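Here is the structure we will look at.
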Amino acid sequence: MKGPGLRSGRSRPAVAIGRLLAVVFALALVWYGVMVVLLALKFRPGPIDAISGYRTAFDFLAGLTARDITPTVRAIIAGAGVLCLIVFGVVAYRALPRPYRTRRPLELTEADGHGDVRVTARAIERLAEHAAREHPGVSSASGRFATDAVTVGVGVHRPGELAELLPDVQRRVRSQLERHELPVLRVDVTLTGLDFEPRREIR
């Protein structure tokens, strides 16, 4: 039984671009890491420079002077930096996971000339909670409805019966949904606490 997860909230293009950038960066690190290892093992620098260009790039950057940094170069570098900031910032923002906690009424019929039929999220949650509490091993229950699933958190005072208790609670909630002619939603049952019964002293 599983509880509420995280809604990804991110678009597929953003995920694809983020993964592509991560792969390219990782490959670059691995490639130049191999070059460093080869240099440390005293391989000839010439062939390594030919396949990696590390020395050529270093000589080019080391040979730059103040005269080479013209206003045009500055404008190009600034524009490229701003563009990278916007693109990478948007990709990072869209790739962030967000909690999926949407609660809205469940529409049973579409709107027509006589109106429509809706069931509020709280009504579905109360129905699930009541069905879960009917189990003798459940001491407390809380429901959460989100779009196409109902998550029920239960506290129990019979931890030894969890293997049978959680599936039974799931069946009870589904049965109540069917009994009240509601759509059969996915029901997730999560253990939220253990409430042990106090021991009774026999005198």
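Residue numbers start at 1 in each chain; chains themselves are named A, B, ... in the order of the structure tokens; ligands are numbered from 1 in the order shown.
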
Based on DSSP run over this structure's backbone, return all residues of stretch 21-176 of chain A in helix (DSSP H, G or I), as a ChimeraX atom specification.
/A:21-40,45-52,54-62,66-68,71-95,121-133,159-176

Tell me which protein, DNA and RNA residues are within 10 Å of A:Phe88, counting only C-alpha atoms, leaving out same-chain ones fewer than 6 positions away, and put them as a PyMOL selection string.
chain A and resi 14+17-18+21+82+94

File dump, residues just selected, N, CA and C atoms, as a short mmCIF file (atom, residue, chain, number, x, y, z; two decimals), in the first residue's frame:
data_model
loop_
_atom_site.label_atom_id
_atom_site.label_comp_id
_atom_site.auth_asym_id
_atom_site.auth_seq_id
_atom_site.Cartn_x
_atom_site.Cartn_y
_atom_site.Cartn_z
N ALA A 14 11.37 19.66 -20.69
CA ALA A 14 12.30 20.13 -19.67
C ALA A 14 13.10 18.97 -19.08
N ILE A 17 15.65 17.84 -21.77
CA ILE A 17 16.78 18.77 -21.89
C ILE A 17 17.69 18.67 -20.67
N GLY A 18 17.09 18.58 -19.49
CA GLY A 18 17.90 18.46 -18.27
C GLY A 18 18.75 17.21 -18.27
N LEU A 21 21.65 17.62 -20.82
CA LEU A 21 22.73 18.45 -20.30
C LEU A 21 23.55 17.70 -19.26
N VAL A 82 23.47 35.68 -20.53
CA VAL A 82 22.06 35.92 -20.22
C VAL A 82 21.18 34.82 -20.82
N ARG A 94 11.27 24.04 -14.25
CA ARG A 94 10.26 23.07 -14.70
C ARG A 94 10.58 21.65 -14.26
#

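From atom CA of A:Gln170 back to atom CA of A:Val187, the distance works out to 6.2 Å.
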
Residues within 8 Å of A:Ala131, please, as an MDAnalysis selection string. Count only C-alpha atoms; anything in the same chain fewer than 3 positions from it doesn't count.
chainID A and resid 127:128 134:135 169 172:173 176

In chain A, DSSP strand (DSSP E or B) residues written as a PyMOL selection string:
chain A and resi 6-7+98-99+106-112+115-119+138-146+149-156+186-194

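Between A:Arg186 and the residues A:Ala40, A:Val152, A:Leu27, A:Ala57, the shortest atom-to-atom distance, using only C-alpha atoms, involves A:Val152.
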
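The spacing separating atom CA of A:Arg158 from atom CA of A:Ser140 amounts to 12.2 Å.
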
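Taking atom CA of A:Leu162 as the reference point, atom CA of A:Arg179 is found at 25.3 Å.
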